[in-house]
file input16.csv (CSV, C-alpha atoms and all ligand atoms)
chain,number,residue,atom,x,y,z
C,150,MET,CA,-66.9,-82.3,105.6
C,151,ALA,CA,-64.7,-83.5,102.7
C,152,VAL,CA,-64.6,-87.0,104.2
C,153,LEU,CA,-68.3,-87.2,105.3
C,154,LYS,CA,-69.3,-89.3,102.2
C,155,GLU,CA,-66.6,-91.9,102.9
C,156,CYS,CA,-67.4,-91.8,106.6
C,157,ALA,CA,-71.1,-92.4,105.9
C,158,GLU,CA,-70.3,-95.3,103.6
C,159,ALA,CA,-68.1,-96.8,106.4
C,160,GLY,CA,-71.0,-96.7,108.8
C,161,LEU,CA,-71.0,-93.3,110.5
C,162,ASP,CA,-74.6,-92.5,111.3
C,163,ARG,CA,-74.4,-89.3,113.4
C,164,ILE,CA,-72.3,-86.2,114.0
C,165,ASN,CA,-72.6,-83.5,116.6
C,166,VAL,CA,-71.9,-79.9,115.9
C,167,SER,CA,-71.8,-76.9,118.2
C,168,VAL,CA,-74.0,-73.9,117.2
C,169,PHE,CA,-73.3,-70.5,118.8
C,170,GLY,CA,-75.4,-68.2,116.6
C,171,THR,CA,-77.3,-67.6,113.4
C,172,THR,CA,-75.5,-64.5,112.2
C,173,ALA,CA,-71.8,-63.6,112.0
C,174,GLU,CA,-72.3,-60.8,114.6
C,175,GLU,CA,-74.1,-63.1,117.0
C,176,LEU,CA,-71.4,-65.8,116.6
C,177,ALA,CA,-68.5,-63.3,117.0
C,178,ALA,CA,-70.1,-61.9,120.2
C,179,VAL,CA,-69.9,-65.3,122.0
C,180,GLN,CA,-66.3,-66.0,120.9
C,181,ALA,CA,-63.1,-65.4,122.9
C,182,PRO,CA,-61.8,-61.8,122.1
C,183,ARG,CA,-59.0,-63.0,119.7
C,184,TYR,CA,-61.6,-65.0,117.7
C,185,ALA,CA,-64.3,-62.3,117.8
C,186,SER,CA,-64.0,-61.3,114.1
C,187,THR,CA,-67.1,-61.2,112.0
C,188,LYS,CA,-65.1,-62.4,108.9
C,189,LEU,CA,-64.0,-65.5,110.8
C,190,ALA,CA,-67.5,-65.9,112.1
C,191,GLU,CA,-68.9,-65.8,108.5
C,192,ARG,CA,-66.5,-68.5,107.5
C,193,LYS,CA,-67.5,-70.7,110.5
C,194,LEU,CA,-71.2,-70.2,109.8
C,195,ARG,CA,-70.7,-71.2,106.1
C,196,ALA,CA,-68.7,-74.3,107.2
C,197,LEU,CA,-71.5,-75.2,109.7
C,198,HIS,CA,-74.2,-74.9,107.0
C,199,ASP,CA,-72.1,-77.0,104.6
C,200,THR,CA,-71.5,-79.6,107.2
C,201,ILE,CA,-75.2,-79.9,108.1
C,202,GLU,CA,-76.1,-80.1,104.4
C,203,ALA,CA,-73.5,-82.7,103.7
C,204,GLY,CA,-74.7,-84.8,106.7
C,205,LEU,CA,-78.3,-84.7,105.4
C,206,ARG,CA,-77.2,-85.5,101.9
C,207,TYR,CA,-75.3,-88.6,102.9
C,208,GLY,CA,-77.9,-89.8,105.4
C,209,VAL,CA,-75.9,-88.9,108.5
C,210,LYS,CA,-78.0,-87.5,111.4
C,211,VAL,CA,-76.9,-84.2,112.7
C,212,SER,CA,-77.3,-83.1,116.3
C,213,ALA,CA,-76.6,-79.4,117.2
C,214,ASN,CA,-75.4,-78.6,120.7
C,215,VAL,CA,-76.4,-75.2,122.0
C,216,VAL,CA,-75.2,-73.9,125.4
C,217,ILE,CA,-77.4,-71.5,127.3
C,218,PRO,CA,-75.3,-69.5,129.7
C,219,ASP,CA,-78.2,-67.4,131.2
C,220,GLU,CA,-81.6,-65.8,130.3
C,221,SER,CA,-80.0,-63.0,128.2
C,222,HIS,CA,-79.2,-65.8,125.6
C,223,ILE,CA,-82.8,-67.0,125.2
C,224,PRO,CA,-83.5,-64.9,122.1
C,225,ARG,CA,-80.3,-66.2,120.4
C,226,VAL,CA,-81.2,-69.8,121.2
C,227,LEU,CA,-84.8,-69.4,120.0
C,228,ARG,CA,-83.4,-68.1,116.7
C,229,ILE,CA,-81.1,-71.2,116.4
C,230,ILE,CA,-84.0,-73.5,117.1
C,231,GLU,CA,-86.1,-71.6,114.5
C,232,GLU,CA,-83.3,-71.8,111.8
C,233,HIS,CA,-82.0,-75.3,112.4
C,234,GLY,CA,-84.7,-77.1,114.4
C,235,ARG,CA,-86.3,-78.8,111.4
C,236,ASP,CA,-83.1,-80.3,109.9
C,237,VAL,CA,-81.1,-81.2,113.0
C,238,VAL,CA,-81.8,-82.5,116.5
C,239,VAL,CA,-81.2,-79.5,118.8
C,240,ARG,CA,-79.8,-80.3,122.2
C,241,MET,CA,-79.6,-77.5,124.8
C,242,LEU,CA,-76.8,-77.8,127.3
C,243,VAL,CA,-76.4,-76.3,130.7
C,244,ASN,CA,-73.2,-74.2,131.1
C,245,LEU,CA,-71.3,-76.3,133.7
C,246,GLU,CA,-69.5,-73.3,135.0
C,247,ASP,CA,-72.6,-71.4,136.0
C,248,GLY,CA,-75.2,-74.1,136.6
C,249,GLY,CA,-77.8,-72.0,138.5
C,250,ALA,CA,-78.3,-69.2,135.9
C,251,SER,CA,-78.0,-71.6,133.1
C,252,ARG,CA,-80.6,-74.0,134.5
C,253,ASN,CA,-83.0,-71.2,135.2
C,254,ALA,CA,-82.6,-70.0,131.6
C,255,MET,CA,-83.2,-73.5,130.3
C,256,ARG,CA,-86.4,-73.7,132.3
C,257,ALA,CA,-87.6,-70.3,131.1
C,258,LEU,CA,-86.8,-71.2,127.5
C,259,LEU,CA,-88.7,-74.5,127.7
C,260,GLY,CA,-91.6,-72.5,129.1
C,261,ASP,CA,-91.5,-70.0,126.2
C,262,LEU,CA,-91.4,-72.8,123.7
C,263,GLY,CA,-94.4,-74.6,125.3
C,264,ALA,CA,-92.2,-77.7,125.5
C,265,VAL,CA,-93.6,-80.9,127.0
C,266,PRO,CA,-91.3,-83.6,128.4
C,267,GLU,CA,-91.7,-86.9,126.7
C,268,ARG,CA,-88.8,-89.1,127.6
C,269,HIS,CA,-85.8,-89.1,130.0
C,270,ILE,CA,-82.7,-90.9,128.8
C,271,VAL,CA,-79.8,-91.9,131.1
C,272,THR,CA,-76.7,-93.4,129.5
C,273,ALA,CA,-75.4,-96.2,131.8
C,274,GLY,CA,-71.7,-95.8,132.7
C,275,THR,CA,-71.3,-92.1,131.8
C,276,SER,CA,-72.5,-88.7,133.2
C,277,ASP,CA,-74.7,-88.1,130.2
C,278,GLN,CA,-78.4,-87.7,130.6
C,279,ARG,CA,-81.0,-86.1,128.3
C,280,THR,CA,-84.7,-85.3,128.3
C,281,ARG,CA,-86.7,-85.2,125.1
C,282,TYR,CA,-89.4,-82.5,124.7
C,283,ARG,CA,-92.1,-82.1,122.2
C,284,LEU,CA,-92.9,-78.6,120.9
C,285,PRO,CA,-96.5,-77.5,120.0
C,286,ASP,CA,-95.7,-77.7,116.2
C,287,GLY,CA,-94.5,-81.4,116.6
C,288,ARG,CA,-90.8,-80.8,116.5
C,289,THR,CA,-88.6,-82.2,119.3
C,290,VAL,CA,-85.7,-80.6,121.3
C,291,TYR,CA,-83.5,-82.2,123.9
C,292,THR,CA,-82.0,-80.8,127.1
C,293,LYS,CA,-78.7,-82.4,128.1
C,294,THR,CA,-77.4,-82.4,131.6
C,295,ILE,CA,-74.7,-84.1,133.7
C,296,ARG,CA,-75.0,-86.7,136.4
C,297,PRO,CA,-72.3,-86.8,139.1
C,298,VAL,CA,-70.6,-89.9,137.8
C,299,ARG,CA,-67.1,-91.0,138.6
C,300,LEU,CA,-65.0,-94.1,137.7
C,301,PRO,CA,-64.6,-96.1,140.9
C,302,GLU,CA,-60.9,-96.6,140.8
C,303,THR,CA,-59.4,-94.0,138.4
C,304,CYS,CA,-61.4,-91.1,139.8
C,305,SER,CA,-60.9,-92.0,143.4
C,306,GLY,CA,-57.2,-91.2,143.1
C,307,CYS,CA,-57.7,-88.0,141.0
C,308,ARG,CA,-56.7,-84.6,142.4
C,309,PHE,CA,-59.7,-83.0,140.7
C,310,ASN,CA,-62.3,-85.3,142.3
C,311,ASN,CA,-64.6,-82.7,143.8
C,312,ASP,CA,-67.7,-80.9,142.6
C,313,GLN,CA,-65.8,-77.7,141.9
C,314,ASP,CA,-62.9,-79.0,139.8
C,315,CYS,CA,-64.7,-81.9,138.1
C,316,GLN,CA,-68.0,-80.6,136.8
C,317,GLU,CA,-68.3,-82.9,133.8
C,318,GLY,CA,-67.6,-86.1,135.8
C,319,TYR,CA,-66.8,-89.3,133.9
C,320,TYR,CA,-68.4,-88.7,130.4
C,321,GLY,CA,-67.3,-91.9,128.7
C,322,VAL,CA,-64.3,-92.7,126.5
C,323,ARG,CA,-63.2,-90.4,123.7
C,324,MET,CA,-60.9,-91.3,120.8
C,325,TYR,CA,-58.2,-88.9,119.6
C,326,ARG,CA,-55.4,-89.1,117.0
C,327,ALA,CA,-52.0,-87.9,118.2
C,328,GLU,CA,-50.3,-85.6,115.6
C,329,GLY,CA,-48.6,-88.0,113.3
C,330,GLY,CA,-49.1,-90.8,115.8
C,331,PRO,CA,-51.5,-93.5,116.9
C,332,PHE,CA,-55.2,-93.4,117.8
C,333,MET,CA,-55.5,-92.7,121.5
C,334,VAL,CA,-58.3,-93.4,124.0
C,335,GLY,CA,-58.9,-90.9,126.8
C,336,VAL,CA,-61.3,-91.1,129.7
C,337,CYS,CA,-61.3,-87.5,130.8
C,338,ILE,CA,-60.8,-84.1,129.1
C,339,GLN,CA,-59.1,-82.8,132.2
C,340,ARG,CA,-56.7,-85.7,132.5
C,341,MET,CA,-55.1,-86.2,129.1
C,342,ASP,CA,-52.3,-87.9,131.0
C,343,LEU,CA,-54.7,-90.9,131.3
C,344,ALA,CA,-55.0,-91.2,127.5
C,345,VAL,CA,-53.2,-94.2,126.1
C,346,PRO,CA,-52.8,-95.7,122.6
C,347,LEU,CA,-55.8,-97.7,121.4
C,348,GLY,CA,-54.0,-101.1,121.4
C,349,GLN,CA,-52.7,-100.5,124.9
C,350,PHE,CA,-56.1,-99.4,126.1
C,351,VAL,CA,-58.0,-102.5,125.0
C,352,MET,CA,-55.6,-104.7,127.1
C,353,SER,CA,-55.6,-102.4,130.1
C,354,ARG,CA,-57.1,-102.5,133.6
C,355,LEU,CA,-58.6,-99.1,132.8
C,356,CYS,CA,-60.6,-100.7,129.9
C,357,ARG,CA,-61.9,-103.4,132.2
C,358,GLU,CA,-62.8,-100.8,134.8
C,359,VAL,CA,-64.8,-98.8,132.2
C,360,GLN,CA,-66.6,-101.9,131.0
C,361,ALA,CA,-67.4,-103.3,134.4
C,362,PHE,CA,-68.6,-99.9,135.6
C,363,ARG,CA,-71.0,-99.5,132.6
C,364,ASP,CA,-72.3,-103.1,133.0
C,365,ASP,CA,-72.9,-102.6,136.7
C,366,GLU,CA,-74.7,-99.3,136.2
C,367,TYR,CA,-76.8,-100.7,133.4
C,368,ALA,CA,-77.9,-103.6,135.6
C,369,ARG,CA,-78.7,-101.2,138.5
C,370,LEU,CA,-80.6,-98.7,136.3
C,371,ALA,CA,-82.5,-101.5,134.5
C,372,SER,CA,-83.6,-102.9,137.9
C,373,LEU,CA,-85.2,-99.6,138.9
C,374,ASP,CA,-89.0,-99.6,138.8
C,375,LEU,CA,-89.5,-96.3,137.0
C,401,LIG,S1,-61.3,-85.0,136.5
C,401,LIG,FE1,-61.6,-86.8,135.3
C,401,LIG,S2,-60.3,-88.4,136.2
C,401,LIG,FE2,-60.6,-86.7,137.7
C,401,LIG,S3,-62.4,-87.2,138.9
C,401,LIG,FE3,-63.1,-86.0,137.2
C,401,LIG,S4,-63.7,-87.5,135.7
C,401,LIG,FE4,-62.4,-88.6,137.1
call {"tool": "encode", "arguments": {"input": "input16.csv", "output": "structure tokens"}}
result
Amino acid sequence: MAVLKECAEAGLDRINVSVFGTTAEELAAVQAPRYASTKLAERKLRALHDTIEAGLRYGVKVSANVVIPDESHIPRVLRIIEEHGRDVVVRMLVNLEDGGASRNAMRALLGDLGAVPERHIVTAGTSDQRTRYRLPDGRTVYTKTIRPVRLPETCSGCRFNNDQDCQEGYYGVRMYRAEGGPFMVGVCIQRMDLAVPLGQFVMSRLCREVQAFRDDEYARLASLDL
């Protein structure tokens, strides 16, 4: 948050935050036991509000990711949409570890909201896909799901390459900063051993594989008569 102004000036136009609840009790209830303190939850909620406000102040769009594990979480998610839905783009995510219950809850919630699908967005070369819905009061919400995408070479030799162990699939490149070290590029949150320093990545076969895969998928998707 302290660097958001400088980031916006440098060209940052969007940030994503994860939202778990609207009250400290609600937030604490969905944390792992050792983080389930309402005091800590209050601090996290304040930080979340401050981040959203700072984003809006500096012209940085804010998207809020909300995971729906099952139907018992629908009231919590409805409160989040009510509280944040005007200021930020709410994106509802399926819980990858329990896809069935989570997908049913997502469907039930969209029904409760009276949401009408408007647009389906597939990102070429990654497992990300989203659907935009319009609500009766004119607001929009998104659902975000995963396509079973794998990198042709890198994933074919991976020991996790099955539906059980690799639920996120290939989601695109992510940038990290090693503690006290260089920026690193990773292609998989489960395979941090594949992360390499940025300079090395741009010259690598992995980089060319990522690029060629995206271009091929873009061409294939663009040729579909939808
Ligand atoms: S775990 Fe990562 S590297 Fe392995 S198959 Fe899945 S996306 Fe590919």
call {"tool": "residues_near_ligand", "arguments": {"input": "input16.csv", "ligand": "ligand LIG 401 (chain C)", "cutoff": "10 Å", "atoms": "all atoms listed in the file", "output": "PDB file with C-alpha atoms, in the coordinates of the input"}}
result
ATOM      1  CA  THR C 275     -71.300 -92.100 131.800  1.00  0.00           C
ATOM      2  CA  SER C 276     -72.500 -88.700 133.200  1.00  0.00           C
ATOM      3  CA  PRO C 297     -72.300 -86.800 139.100  1.00  0.00           C
ATOM      4  CA  VAL C 298     -70.600 -89.900 137.800  1.00  0.00           C
ATOM      5  CA  ARG C 299     -67.100 -91.000 138.600  1.00  0.00           C
ATOM      6  CA  LEU C 300     -65.000 -94.100 137.700  1.00  0.00           C
ATOM      7  CA  PRO C 301     -64.600 -96.100 140.900  1.00  0.00           C
ATOM      8  CA  GLU C 302     -60.900 -96.600 140.800  1.00  0.00           C
ATOM      9  CA  THR C 303     -59.400 -94.000 138.400  1.00  0.00           C
ATOM     10  CA  CYS C 304     -61.400 -91.100 139.800  1.00  0.00           C
ATOM     11  CA  SER C 305     -60.900 -92.000 143.400  1.00  0.00           C
ATOM     12  CA  GLY C 306     -57.200 -91.200 143.100  1.00  0.00           C
ATOM     13  CA  CYS C 307     -57.700 -88.000 141.000  1.00  0.00           C
ATOM     14  CA  ARG C 308     -56.700 -84.600 142.400  1.00  0.00           C
ATOM     15  CA  PHE C 309     -59.700 -83.000 140.700  1.00  0.00           C
ATOM     16  CA  ASN C 310     -62.300 -85.300 142.300  1.00  0.00           C
ATOM     17  CA  ASN C 311     -64.600 -82.700 143.800  1.00  0.00           C
ATOM     18  CA  ASP C 312     -67.700 -80.900 142.600  1.00  0.00           C
ATOM     19  CA  GLN C 313     -65.800 -77.700 141.900  1.00  0.00           C
ATOM     20  CA  ASP C 314     -62.900 -79.000 139.800  1.00  0.00           C
ATOM     21  CA  CYS C 315     -64.700 -81.900 138.100  1.00  0.00           C
ATOM     22  CA  GLN C 316     -68.000 -80.600 136.800  1.00  0.00           C
ATOM     23  CA  GLU C 317     -68.300 -82.900 133.800  1.00  0.00           C
ATOM     24  CA  GLY C 318     -67.600 -86.100 135.800  1.00  0.00           C
ATOM     25  CA  TYR C 319     -66.800 -89.300 133.900  1.00  0.00           C
ATOM     26  CA  TYR C 320     -68.400 -88.700 130.400  1.00  0.00           C
ATOM     27  CA  GLY C 321     -67.300 -91.900 128.700  1.00  0.00           C
ATOM     28  CA  GLY C 335     -58.900 -90.900 126.800  1.00  0.00           C
ATOM     29  CA  VAL C 336     -61.300 -91.100 129.700  1.00  0.00           C
ATOM     30  CA  CYS C 337     -61.300 -87.500 130.800  1.00  0.00           C
ATOM     31  CA  ILE C 338     -60.800 -84.100 129.100  1.00  0.00           C
ATOM     32  CA  GLN C 339     -59.100 -82.800 132.200  1.00  0.00           C
ATOM     33  CA  ARG C 340     -56.700 -85.700 132.500  1.00  0.00           C
ATOM     34  CA  MET C 341     -55.100 -86.200 129.100  1.00  0.00           C
ATOM     35  CA  ASP C 342     -52.300 -87.900 131.000  1.00  0.00           C
ATOM     36  CA  LEU C 343     -54.700 -90.900 131.300  1.00  0.00           C
TER      37      LEU C 343
END
call {"tool": "closest_residue", "arguments": {"input": "input16.csv", "among": "C:Val152, C:Gly204, C:Leu262, C:Pro218", "to": "Glu246 (chain C)", "atoms": "all atoms listed in the file"}}
result
C:Pro218
call {"tool": "atom_distance", "arguments": {"input": "input16.csv", "atom1": "CA of Ala185 (chain C)", "atom2": "CA of Lys293 (chain C)"}}
result
26.8 Å
call {"tool": "atom_distance", "arguments": {"input": "input16.csv", "atom1": "CA of Ala173 (chain C)", "atom2": "CA of Tyr207 (chain C)"}}
result
26.8 Å
call {"tool": "residues_around", "arguments": {"input": "input16.csv", "residues": "Ser221 (chain C)", "least_positions_apart": "2", "cutoff": "12 Å", "atoms": "only C-alpha atoms", "output": "PyMOL selection string"}}
result
chain C and resi 217-219+223-227+250-251+253-255+257-258
call {"tool": "write_last_selection", "arguments": {"input": "input16.csv", "atoms": "C-alpha atoms", "output": "PDB file, in the frame of the given file"}}
result
ATOM      1  CA  ILE C 217     -77.400 -71.500 127.300  1.00  0.00           C
ATOM      2  CA  PRO C 218     -75.300 -69.500 129.700  1.00  0.00           C
ATOM      3  CA  ASP C 219     -78.200 -67.400 131.200  1.00  0.00           C
ATOM      4  CA  ILE C 223     -82.800 -67.000 125.200  1.00  0.00           C
ATOM      5  CA  PRO C 224     -83.500 -64.900 122.100  1.00  0.00           C
ATOM      6  CA  ARG C 225     -80.300 -66.200 120.400  1.00  0.00           C
ATOM      7  CA  VAL C 226     -81.200 -69.800 121.200  1.00  0.00           C
ATOM      8  CA  LEU C 227     -84.800 -69.400 120.000  1.00  0.00           C
ATOM      9  CA  ALA C 250     -78.300 -69.200 135.900  1.00  0.00           C
ATOM     10  CA  SER C 251     -78.000 -71.600 133.100  1.00  0.00           C
ATOM     11  CA  ASN C 253     -83.000 -71.200 135.200  1.00  0.00           C
ATOM     12  CA  ALA C 254     -82.600 -70.000 131.600  1.00  0.00           C
ATOM     13  CA  MET C 255     -83.200 -73.500 130.300  1.00  0.00           C
ATOM     14  CA  ALA C 257     -87.600 -70.300 131.100  1.00  0.00           C
ATOM     15  CA  LEU C 258     -86.800 -71.200 127.500  1.00  0.00           C
TER      16      LEU C 258
END
call {"tool": "closest_residue", "arguments": {"input": "input16.csv", "among": "C:Ala361, C:Leu161, C:Val351, C:Val215", "to": "Asn244 (chain C)", "atoms": "all atoms listed in the file"}}
result
C:Val215
call {"tool": "closest_residue", "arguments": {"input": "input16.csv", "among": "C:Ile164, C:Ala344, C:Leu284, C:Val179", "to": "Ile201 (chain C)", "atoms": "only C-alpha atoms"}}
result
C:Ile164
call {"tool": "residues_near_point", "arguments": {"input": "input16.csv", "point": "(-86.6, -76.0, 127.1)", "cutoff": "8 Å", "atoms": "only C-alpha atoms", "output": "PDB file with C-alpha atoms, keeping the file's coordinate frame"}}
result
ATOM      1  CA  MET C 241     -79.600 -77.500 124.800  1.00  0.00           C
ATOM      2  CA  MET C 255     -83.200 -73.500 130.300  1.00  0.00           C
ATOM      3  CA  ARG C 256     -86.400 -73.700 132.300  1.00  0.00           C
ATOM      4  CA  ALA C 257     -87.600 -70.300 131.100  1.00  0.00           C
ATOM      5  CA  LEU C 258     -86.800 -71.200 127.500  1.00  0.00           C
ATOM      6  CA  LEU C 259     -88.700 -74.500 127.700  1.00  0.00           C
ATOM      7  CA  GLY C 260     -91.600 -72.500 129.100  1.00  0.00           C
ATOM      8  CA  ASP C 261     -91.500 -70.000 126.200  1.00  0.00           C
ATOM      9  CA  LEU C 262     -91.400 -72.800 123.700  1.00  0.00           C
ATOM     10  CA  ALA C 264     -92.200 -77.700 125.500  1.00  0.00           C
ATOM     11  CA  TYR C 282     -89.400 -82.500 124.700  1.00  0.00           C
ATOM     12  CA  VAL C 290     -85.700 -80.600 121.300  1.00  0.00           C
ATOM     13  CA  TYR C 291     -83.500 -82.200 123.900  1.00  0.00           C
ATOM     14  CA  THR C 292     -82.000 -80.800 127.100  1.00  0.00           C
TER      15      THR C 292
END
call {"tool": "closest_residue", "arguments": {"input": "input16.csv", "among": "C:Leu242, C:Ile230, C:Leu153, C:Leu176", "to": "Asp199 (chain C)", "atoms": "all atoms listed in the file"}}
result
C:Leu153
call {"tool": "residues_around", "arguments": {"input": "input16.csv", "residues": "Asp364 (chain C)", "least_positions_apart": "6", "cutoff": "10 Å", "atoms": "all atoms listed in the file", "output": "VMD selection string"}}
result
chain C and resid 273 to 274 358 370
call {"tool": "atom_distance", "arguments": {"input": "input16.csv", "atom1": "CA of Pro266 (chain C)", "atom2": "CA of Pro285 (chain C)"}}
result
11.6 Å
call {"tool": "closest_residue", "arguments": {"input": "input16.csv", "among": "C:Arg195, C:Ala177, C:Arg235, C:Phe169", "to": "Asn214 (chain C)", "atoms": "all atoms listed in the file"}}
result
C:Phe169
call {"tool": "closest_residue", "arguments": {"input": "input16.csv", "among": "C:Ala159, C:Arg183, C:Asn165, C:Ala196", "to": "Ala213 (chain C)", "atoms": "all atoms listed in the file"}}
result
C:Asn165
